[in-house]
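The structure appears right after this line, and notes come after that.
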Number of protein chains: 2
Amino acid sequence: MAMPTIYDVARHAGVSPATVSRVLNGRSTVDAALRERVNAAAQQLGYRPNSLARNLRRSTTNLWAVVISDINNPFFTALVRGVEDVGQGLGYSVVLCNSDENPDKEADYLRALLADQISGFIVSPTSRTENLAALCDAGRAVVAIDRRPRGIAVDTVLVDNEHGARQATAHLVEQGFRRIACITGPARLSTASRRLRGYRAALRAAGITPDPELERHADFRQRGGYAAMADLLAIRPAPDAVFVTNNLMTVGALECLADNDIRVPDTIGVVGFDDVPWATFIRPPLSTVTQPTYELGRTAATLLKARIDDPDRPPETATLRTTLHARASSRHQ
Amino acid sequence: MAMPTIYDVARHAGVSPATVSRVLNGRSTVDAALRERVNAAAQQLGYRPNSLARNLRRSTTNLWAVVISDINNPFFTALVRGVEDVGQGLGYSVVLCNSDENPDKEADYLRALLADQISGFIVSPTSRTENLAALCDAGRAVVAIDRRPRGIAVDTVLVDNEHGARQATAHLVEQGFRRIACITGPARLSTASRRLRGYRAALRAAGITPDPELERHADFRQRGGYAAMADLLAIRPAPDAVFVTNNLMTVGALECLADNDIRVPDTIGVVGFDDVPWATFIRPPLSTVTQPTYELGRTAATLLKARIDDPDRPPETATLRTTLHARASSRHQ
DNA sequence: CTGTTAGCGCGTTCAA
DNA sequence: TTGAACGCGCTAACAG
């Protein structure tokens with residue numbers, strides 16, 4: 001029942017363990033006949049190299065860690081899928097950790113993972129960048145995703161948040177909305193501030209002065225979106241449209257509007273950020289700015305692999321584009 | 001920059017590596033003064049045991065693998081969260097694999113993971129149970145989740161699918177619907193067949209003979225739900241209600257109804273299975289049968305730990321209850 | 001091109 | 001109670 005070792009295979013094939021190792025890793029060239037015998041023996045015994053031993057020897061693992069800040073957010077899980085697909089293809093397994101946007105939790109995870117000889121990290125960093133810096137100092141391959149870590153040179157994968165927010169807001173302006181509100185995330189996160197900046201830029205470009213009263217910082221979660229929307233509804237004169245800068249807060253905002261029997265888009269036009277599966281079948285269908293989520297994950301994985309293969313390459317930032325899907329929720333009557 | 005080893009700590013504390021090991025694992029009793037010195041040295045050096053070496057020596061890992069069949073399904077990701085929370089608390093890391101409902105892919109993963117010395121498996125098994133059986137034969141701790149693996153004794157965590165389906169269907173009957181259709185999953189999956197069975201049982205209990213024409217087997221995904229719904233709409237006389245047995249297919253069914261301008265619940269009443277974040281704010285709010293998803297994960301993790309601690313305990317099946325949330329989508333006019 | 005040897009870092013014998 | 005020595009399974013040196 002015990003798994004066969006490389007010695008079993010060697011004995012079975014009448015060669016030395018080193019030769020088996022060479023055949024299995026294809027590092028060095030081995031005589032065709034021997035190679036054949038080794039492969040046959042391995043096959044026959046159902047041999048699989050013990051990755052613990054292999055990794056101890058190589059002092060690295062075939063593990064990648066993805067540390068995201070909200071496992072309940074489909075944006076992050078979709079992204080992880082992109083990472084996994086690339087990672088699997090390259091022989092890596094992926095472990096997923098949920099920092100919950102908590103720098104201490106993030107620090108704990110990273111410290112533990114550091115000891116686990118994890119070979120690569122993909123992190124959506126919390127505001128505190130020391131954690132990430134510590135990883136880099138320890139010489140680990142690191143890619144930041146979704147947010148730009150401040151003051152530290154590391155491979156990074158982002159979307160053009162400012163552009164996406166500008167698209168969304170300009171679309172609302174075009175439709176004829178004038179008092180456009182914005183619900184964005186915590187100011188300390190680059191995603192939140194960039195999207196807010198894009199929103200403001202689009203307004204200015206249309207000759208509208210951004211009104212601070214119409215801007216709300218919430219928590220990127222459903223509850224926060226709900227509260228911010230409720231808050232905005234109390235303003236007089238009321239906003240006639242709202243741009244919500246992530247998926248979960250959009251759920252909350254829509255829930256709030258429904259609870260208050262406010263008609264979309266008649267009373268308030270809505271554009272959300274991120275894709276949601278129900279965008280097309282709710283009534284009215286929801287206008288969204290979508291991120292290439294899966295592609296973000298793939299890109300991060302690719303960058304990570306490049307970093308692992310060449311630790312000295314200059315850090316790179318990949319910026320992907322968002323797409324505006326204009327639907328009925330933002331149609332001006 | 002290299003991480004300190006147990007030898008470094010030993011030298012620093014003026015003891016032997018064996019003593020350090022003993023202190024750190026608390027197996028054997030060590031003189032208090034020495035223990036103190038060792039702890040101080042470890043602390044000071046920032047020592048973390050190399051889990052590769054430790055695990056090679058112990059020939060096990062601190063890794064759990066969760067093999068689910070659809071990573072795009074929030075049901076599974078929520079479940080994984082429950083597993084992770086318990087696992088982390090016990091010192092395990094969790095790797096996530098996506099079998100995509102493909103027995104071959106499942107087999108590949110499990111074979112690979114077997115070689116990785118993974119200490120515990122939580123699997124939502126595809127129809128083919130040999131894969132699971134192989135794991136058990138190899139003496140690994142295994143818990144099946146969501147589906148009942150046929151012909152193999154293994155710890156299992158389920159919900160009472162039949163009960164949940166009966167609840168949903170009985171509720172529709174109570175509301176006055178009479179031609180109630182059911183869109184369920186692939187017949188080979190116990191979840192799909194149990195839910196179908198519960199649906200039929202509820203109809204019979206109400207004196208309605210189940211009509212095979214109103215039963216559809218789809219793929220538990222959005223597209224399949226859409227197609228099945230379209231299919232049902234062509235039937236004459238048309239169904240006046242539909243029970244959809246998972247979240248993704250419910251999205252598809254609702255999308256189909258919206259595309260055809262069919263009013264819910266006026267023309268067709270709808271009850272879905274699984275919770276969805278948008279259930280309450282779409283119009284009409286969606287009636288659902290929800291599973292205690294997170295709790296399912298926690299339960300599986302707890303069972304897994306028990307199995308690891310005592311490989312000889314008799315296999316156990318935990319069955320959790322569903323909850324019916326009756327909302328406007330199933331209100332008879 | 002192949003075999004022998006050593007050691008990755010740890011936990012666990014066995015003596016003392 | 002403590003330390004010395006060994007080996008988990010593998011791969012990278014080094015010889016041959």
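FYI, nothing fancy with the structure tokens labels: chains A, B, ... in order, residues from 1 per chain, ligands from 1 as they appear.
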
Inset, instruction - Determine which residues of range 54-264 of chain B DSSP labels as strand (DSSP E) from the backbone of this structure, then write them out as a ChimeraX atom specification. - result: /B:63-68,93-98,120-123,141-145,155-159,180-184,215-217,241-244

Let's have the selection written as a short mmCIF file (atom, residue, chain, number, x, y, z; two decimals), in the first residue's frame, with C-alpha atoms.
data_model
loop_
_atom_site.label_atom_id
_atom_site.label_comp_id
_atom_site.auth_asym_id
_atom_site.auth_seq_id
_atom_site.Cartn_x
_atom_site.Cartn_y
_atom_site.Cartn_z
CA LEU B 63 -2.54 20.35 3.57
CA TRP B 64 -6.14 19.57 2.88
CA ALA B 65 -7.48 19.33 -0.61
CA VAL B 66 -11.00 20.29 -1.49
CA VAL B 67 -12.08 18.97 -4.86
CA ILE B 68 -15.28 20.60 -6.01
CA SER B 93 -3.86 24.94 4.61
CA VAL B 94 -6.46 24.23 2.01
CA VAL B 95 -5.88 23.73 -1.68
CA LEU B 96 -8.80 23.98 -3.98
CA CYS B 97 -9.27 21.92 -7.13
CA ASN B 98 -11.97 22.18 -9.71
CA GLY B 120 -7.10 15.05 4.04
CA PHE B 121 -9.57 15.23 1.19
CA ILE B 122 -12.99 16.77 0.91
CA VAL B 123 -14.58 15.86 -2.38
CA ALA B 141 -8.80 10.56 5.18
CA VAL B 142 -11.71 11.36 2.91
CA VAL B 143 -15.01 13.16 3.34
CA ALA B 144 -17.60 13.30 0.59
CA ILE B 145 -19.69 16.41 0.43
CA ASP B 155 -17.83 10.06 5.84
CA THR B 156 -20.39 12.15 4.06
CA VAL B 157 -22.02 15.54 4.51
CA LEU B 158 -25.30 16.15 2.79
CA VAL B 159 -28.37 18.25 3.01
CA ILE B 180 -45.69 22.55 -11.58
CA ALA B 181 -42.58 21.79 -13.61
CA CYS B 182 -39.18 20.80 -12.28
CA ILE B 183 -35.77 21.52 -13.75
CA THR B 184 -33.24 19.29 -12.07
CA GLU B 215 -39.55 17.15 -15.63
CA ARG B 216 -36.30 18.25 -17.18
CA HIS B 217 -32.75 17.11 -16.55
CA ALA B 241 -44.97 27.13 -11.97
CA VAL B 242 -41.42 25.79 -11.95
CA PHE B 243 -39.10 24.49 -9.27
CA VAL B 244 -35.47 24.86 -10.29
#

Legend entry - Neighbour list for DC14 in chain D as a PyMOL selection string, cut-off 12 Å, only C-alpha atoms (C1' of nucleotides), skip fewer than 3 positions in-chain: chain C and resi 3-6

Legend entry - Nearest to Ala134 in chain B, chosen from B:Ile118, B:Ala168, B:Leu233, B:Ala107, with only C-alpha atoms counted in the distances: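 So, comparing all the options, the nearest one is B:Ala107.
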
Inset, instruction - Within 12 Å of DC14 in chain C, counting only C-alpha atoms (C1' of nucleotides), which residues show up once you throw out same-chain ones fewer than 4 positions away? Write them as a VMD selection string, please. - result: chain D and resid 3 to 6

Contact residues around DC1 in chain C with only C-alpha atoms (C1' of nucleotides) at 9 Å, ignoring same-chain residues under 4 positions, as a compact mmCIF listing (two decimals) with C-alpha atoms, in the first residue's frame:
# COMPACT_ATOMS: atom_id res chain seq x y z
CA THR A 29 20.15 13.16 -21.58
CA VAL A 30 19.81 9.46 -20.96
CA ASP A 31 20.31 6.48 -23.23

Inset, instruction - Pull out every residue of chain B that has at least one atom within 6 Å of chain A, counting only C-alpha atoms, and report them as a VMD selection string. - result: chain B and resid 48 50 to 52 56 95 115 to 116 255 258 281

Legend entry - DSSP-assigned alpha helix (DSSP H) members of range 29-209 of chain B, reported as a PyMOL selection string: chain B and resi 32-45+51-58+74-89+103-115+130-137+161-175+190-205

Inset, instruction - Extract, using only C-alpha atoms (C1' of nucleotides), all DNA, RNA and protein residues at most 8 Å from Gly272 in chain A, discarding same-chain residues fewer than 3 positions from it, and format them as a list of chain:residue names. - result: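 Counting only C-alpha atoms (C1' of nucleotides), the residues come to A:Phe243, A:Val244, A:Thr245, A:Asn246, A:Asn247, A:Thr250, A:Leu286, A:Ser287, A:Thr288, A:Val289.
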
Written file, previous selection with N, CA and C atoms, as an mmCIF file, in the first residue's frame:
data_model
loop_
_atom_site.group_PDB
_atom_site.id
_atom_site.type_symbol
_atom_site.label_atom_id
_atom_site.label_comp_id
_atom_site.auth_asym_id
_atom_site.auth_seq_id
_atom_site.Cartn_x
_atom_site.Cartn_y
_atom_site.Cartn_z
ATOM 1 N N PHE A 243 -23.243 56.068 -9.805
ATOM 2 C CA PHE A 243 -22.232 55.145 -10.293
ATOM 3 C C PHE A 243 -21.660 54.436 -9.078
ATOM 4 N N VAL A 244 -21.819 53.102 -9.049
ATOM 5 C CA VAL A 244 -21.370 52.322 -7.890
ATOM 6 C C VAL A 244 -20.139 51.527 -8.301
ATOM 7 N N THR A 245 -19.066 51.661 -7.542
ATOM 8 C CA THR A 245 -17.766 51.212 -8.052
ATOM 9 C C THR A 245 -17.377 49.763 -7.763
ATOM 10 N N ASN A 246 -18.274 48.965 -7.243
ATOM 11 C CA ASN A 246 -18.020 47.520 -7.315
ATOM 12 C C ASN A 246 -19.298 46.700 -7.250
ATOM 13 N N ASN A 247 -19.166 45.400 -7.481
ATOM 14 C CA ASN A 247 -20.339 44.535 -7.606
ATOM 15 C C ASN A 247 -21.163 44.424 -6.318
ATOM 16 N N THR A 250 -23.059 47.408 -5.455
ATOM 17 C CA THR A 250 -24.160 47.592 -6.391
ATOM 18 C C THR A 250 -25.377 46.788 -5.935
ATOM 19 N N LEU A 286 -29.098 45.716 -15.818
ATOM 20 C CA LEU A 286 -28.135 46.611 -15.178
ATOM 21 C C LEU A 286 -26.967 46.967 -16.104
ATOM 22 N N SER A 287 -26.718 48.252 -16.234
ATOM 23 C CA SER A 287 -25.528 48.702 -16.958
ATOM 24 C C SER A 287 -24.302 48.472 -16.090
ATOM 25 N N THR A 288 -23.244 47.969 -16.690
ATOM 26 C CA THR A 288 -22.040 47.674 -15.908
ATOM 27 C C THR A 288 -20.769 48.052 -16.660
ATOM 28 N N VAL A 289 -19.745 48.285 -15.887
ATOM 29 C CA VAL A 289 -18.391 48.340 -16.427
ATOM 30 C C VAL A 289 -17.735 47.044 -15.985
#

Legend entry - Contact residues around Leu110 in chain B with only C-alpha atoms (C1' of nucleotides) at 8 Å, ignoring same-chain residues under 4 positions, as a list of chain:residue names: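 Counting only the stated atoms, we get B:Glu106, B:Leu114, B:Asn131, B:Leu135.
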
Let me see the file: selected residues, N, CA and C atoms, as a CSV table (one decimal), in the first residue's frame.
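The resulting file, selection.csv, is reproduced below:
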chain,number,residue,atom,x,y,z
B,106,GLU,N,-11.1,14.8,-12.4
B,106,GLU,CA,-11.1,14.4,-10.9
B,106,GLU,C,-10.0,13.4,-10.7
B,114,LEU,N,-2.5,12.6,-4.3
B,114,LEU,CA,-2.1,11.4,-3.6
B,114,LEU,C,-0.5,11.4,-3.4
B,131,ASN,N,-12.5,6.7,-8.2
B,131,ASN,CA,-11.5,7.7,-7.8
B,131,ASN,C,-11.4,7.8,-6.2
B,135,LEU,N,-8.6,6.6,-3.2
B,135,LEU,CA,-8.1,7.4,-2.1
B,135,LEU,C,-8.2,6.6,-0.8

Legend entry - Neighbours of chain B in chain D at 10 Å, counting only C-alpha atoms (C1' of nucleotides), as a VMD selection string: chain D and resid 1 to 4 7 to 9

Write the selection just made, keeping N, CA and C atoms (P, O5', C5', C4', C3', O3' and C1' of nucleotides), as a tab-separated table (two decimals), in the first residue's frame?
chain	number	residue	atom	x	y	z
D	1	DT	P	11.73	14.18	32.79
D	1	DT	O5'	13.00	14.80	32.10
D	1	DT	C5'	13.53	16.04	32.44
D	1	DT	C4'	14.95	15.99	31.97
D	1	DT	C3'	15.16	16.65	30.60
D	1	DT	O3'	16.13	17.67	30.77
D	1	DT	C1'	16.16	14.48	30.69
D	2	DT	P	16.45	18.66	29.67
D	2	DT	O5'	17.48	17.90	28.76
D	2	DT	C5'	18.87	18.07	29.00
D	2	DT	C4'	19.63	17.11	28.13
D	2	DT	C3'	19.80	17.55	26.68
D	2	DT	O3'	21.07	18.14	26.56
D	2	DT	C1'	19.48	15.20	26.93
D	3	DG	P	21.45	18.81	25.11
D	3	DG	O5'	22.14	17.58	24.38
D	3	DG	C5'	23.26	16.98	24.99
D	3	DG	C4'	23.77	15.85	24.12
D	3	DG	C3'	24.00	16.22	22.65
D	3	DG	O3'	25.21	15.60	22.25
D	3	DG	C1'	22.51	14.39	22.79
D	4	DA	P	25.94	15.99	20.91
D	4	DA	O5'	26.14	14.57	20.21
D	4	DA	C5'	26.23	13.39	21.02
D	4	DA	C4'	26.22	12.16	20.14
D	4	DA	C3'	26.63	12.39	18.69
D	4	DA	O3'	27.24	11.20	18.23
D	4	DA	C1'	24.35	11.74	18.77
D	7	DG	P	20.23	4.67	8.54
D	7	DG	O5'	18.86	5.19	7.95
D	7	DG	C5'	17.67	5.12	8.72
D	7	DG	C4'	16.68	6.12	8.17
D	7	DG	C3'	16.68	6.22	6.63
D	7	DG	O3'	15.34	6.29	6.21
D	7	DG	C1'	16.98	8.34	7.56
D	8	DC	P	14.88	5.78	4.80
D	8	DC	O5'	13.54	6.61	4.56
D	8	DC	C5'	12.50	6.68	5.53
D	8	DC	C4'	11.75	7.99	5.32
D	8	DC	C3'	11.67	8.41	3.86
D	8	DC	O3'	10.40	8.01	3.34
D	8	DC	C1'	12.36	10.25	5.30
D	9	DG	P	10.35	6.94	2.16
D	9	DG	O5'	10.76	7.84	0.91
D	9	DG	C5'	9.90	8.90	0.52
D	9	DG	C4'	10.67	9.79	-0.45
D	9	DG	C3'	11.18	9.07	-1.69
D	9	DG	O3'	10.57	9.69	-2.80
D	9	DG	C1'	12.84	10.47	-0.73

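Here CA of Ser190 in chain B is placed at a distance of 21.8 Å from CA of Tyr226 in chain B.
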
Inset, instruction - Excluding range 323-326 of chain B and any residue of its chain fewer than 4 positions from it, enumerate the residues within 12 Å of it, using only C-alpha atoms (C1' of nucleotides), and give them as a PyMOL selection string. - result: chain B and resi 159-161+163-172+174-175+269-276+279-280+284-293+330-332

Take the residues from that selection and write them out as a short mmCIF file (atom, residue, chain, number, x, y, z; two decimals), in the first residue's frame, keeping N, CA and C atoms.
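Saved as result_18.cif:
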data_model
loop_
_atom_site.label_atom_id
_atom_site.label_comp_id
_atom_site.auth_asym_id
_atom_site.auth_seq_id
_atom_site.Cartn_x
_atom_site.Cartn_y
_atom_site.Cartn_z
N VAL B 159 -27.15 17.65 2.49
CA VAL B 159 -28.37 18.25 3.01
C VAL B 159 -29.51 17.29 2.69
N ASP B 160 -30.60 17.49 3.36
CA ASP B 160 -31.76 16.66 3.10
C ASP B 160 -32.45 17.19 1.84
N ASN B 161 -31.96 16.73 0.72
CA ASN B 161 -32.42 17.26 -0.56
C ASN B 161 -33.89 16.95 -0.83
N HIS B 163 -36.22 16.47 1.34
CA HIS B 163 -37.03 17.34 2.19
C HIS B 163 -37.12 18.75 1.60
N GLY B 164 -35.98 19.29 1.19
CA GLY B 164 -35.96 20.64 0.63
C GLY B 164 -36.84 20.76 -0.60
N ALA B 165 -36.75 19.77 -1.47
CA ALA B 165 -37.55 19.79 -2.69
C ALA B 165 -39.02 19.66 -2.36
N ARG B 166 -39.30 18.86 -1.36
CA ARG B 166 -40.70 18.69 -0.97
C ARG B 166 -41.25 19.99 -0.42
N GLN B 167 -40.45 20.65 0.40
CA GLN B 167 -40.85 21.96 0.93
C GLN B 167 -41.22 22.91 -0.21
N ALA B 168 -40.31 23.02 -1.16
CA ALA B 168 -40.50 23.96 -2.26
C ALA B 168 -41.76 23.64 -3.04
N THR B 169 -41.91 22.37 -3.37
CA THR B 169 -43.04 21.97 -4.22
C THR B 169 -44.36 22.09 -3.47
N ALA B 170 -44.35 21.65 -2.21
CA ALA B 170 -45.57 21.74 -1.41
C ALA B 170 -46.00 23.20 -1.28
N HIS B 171 -45.03 24.07 -1.15
CA HIS B 171 -45.33 25.49 -1.05
C HIS B 171 -46.03 25.99 -2.32
N LEU B 172 -45.55 25.56 -3.47
CA LEU B 172 -46.18 25.95 -4.74
C LEU B 172 -47.61 25.41 -4.80
N GLU B 174 -49.55 24.65 -2.31
CA GLU B 174 -50.33 25.41 -1.34
C GLU B 174 -50.80 26.74 -1.90
N GLN B 175 -49.92 27.33 -2.67
CA GLN B 175 -50.25 28.63 -3.25
C GLN B 175 -51.30 28.52 -4.34
N GLY B 269 -45.08 30.77 -11.60
CA GLY B 269 -44.47 30.91 -10.28
C GLY B 269 -43.11 30.23 -10.28
N VAL B 270 -42.19 30.76 -9.48
CA VAL B 270 -40.83 30.21 -9.48
C VAL B 270 -40.30 30.03 -8.05
N VAL B 271 -39.74 28.86 -7.80
CA VAL B 271 -38.94 28.65 -6.58
C VAL B 271 -37.59 28.09 -7.00
N GLY B 272 -36.53 28.66 -6.47
CA GLY B 272 -35.19 28.18 -6.79
C GLY B 272 -34.56 27.47 -5.60
N PHE B 273 -33.52 26.72 -5.89
CA PHE B 273 -32.75 26.05 -4.83
C PHE B 273 -31.44 26.83 -4.67
N ASP B 274 -30.92 26.87 -3.45
CA ASP B 274 -29.70 27.62 -3.10
C ASP B 274 -30.00 29.10 -2.92
N ASP B 275 -29.19 29.70 -2.10
CA ASP B 275 -29.34 31.12 -1.87
C ASP B 275 -28.62 31.90 -2.96
N VAL B 276 -29.12 33.08 -3.25
CA VAL B 276 -28.43 33.99 -4.17
C VAL B 276 -28.54 35.39 -3.59
N ALA B 279 -31.63 37.62 -4.43
CA ALA B 279 -32.98 37.07 -4.29
C ALA B 279 -33.97 38.12 -3.80
N THR B 280 -33.54 38.96 -2.87
CA THR B 280 -34.51 39.86 -2.25
C THR B 280 -34.75 41.14 -3.03
N PRO B 284 -40.13 40.17 -9.21
CA PRO B 284 -40.43 39.96 -7.79
C PRO B 284 -39.28 39.28 -7.08
N PRO B 285 -39.17 39.50 -5.76
CA PRO B 285 -38.17 38.77 -4.99
C PRO B 285 -38.33 37.26 -5.20
N LEU B 286 -37.21 36.58 -5.22
CA LEU B 286 -37.20 35.16 -5.57
C LEU B 286 -37.37 34.26 -4.34
N SER B 287 -38.31 33.35 -4.44
CA SER B 287 -38.46 32.33 -3.39
C SER B 287 -37.36 31.30 -3.55
N THR B 288 -36.77 30.91 -2.43
CA THR B 288 -35.66 29.96 -2.53
C THR B 288 -35.71 28.92 -1.40
N VAL B 289 -35.11 27.79 -1.68
CA VAL B 289 -34.79 26.84 -0.63
C VAL B 289 -33.29 26.96 -0.40
N THR B 290 -32.88 27.38 0.76
CA THR B 290 -31.44 27.60 0.97
C THR B 290 -30.81 26.47 1.75
N GLN B 291 -29.56 26.23 1.41
CA GLN B 291 -28.78 25.25 2.12
C GLN B 291 -27.86 25.96 3.10
N PRO B 292 -27.54 25.33 4.22
CA PRO B 292 -26.61 25.93 5.17
C PRO B 292 -25.19 25.72 4.67
N THR B 293 -24.85 26.45 3.62
CA THR B 293 -23.65 26.18 2.85
C THR B 293 -22.37 26.20 3.68
N SER B 330 -43.34 33.21 -5.93
CA SER B 330 -44.17 32.00 -5.86
C SER B 330 -45.55 32.31 -5.29
N ARG B 331 -45.94 33.58 -5.35
CA ARG B 331 -47.25 33.95 -4.80
C ARG B 331 -48.30 33.80 -5.89
N HIS B 332 -49.30 32.97 -5.60
CA HIS B 332 -50.33 32.75 -6.61
C HIS B 332 -51.28 33.94 -6.62
#

Hey, could you make a per-residue contact list for chain C against chain B with 8 Å as the cut-off, showing the nearest pair of atoms and its distance in Å to one decimal, counting only C-alpha atoms (C1' of nucleotides), sorted by chain and number, as a tab-separated table?
residue	atom	partner	partner_atom	distance
C:DC8	C1'	B:Ala53	CA	7.9
C:DG9	C1'	B:Ala53	CA	4.9
C:DC10	C1'	B:Arg54	CA	4.9
C:DG11	C1'	B:Arg57	CA	6.3
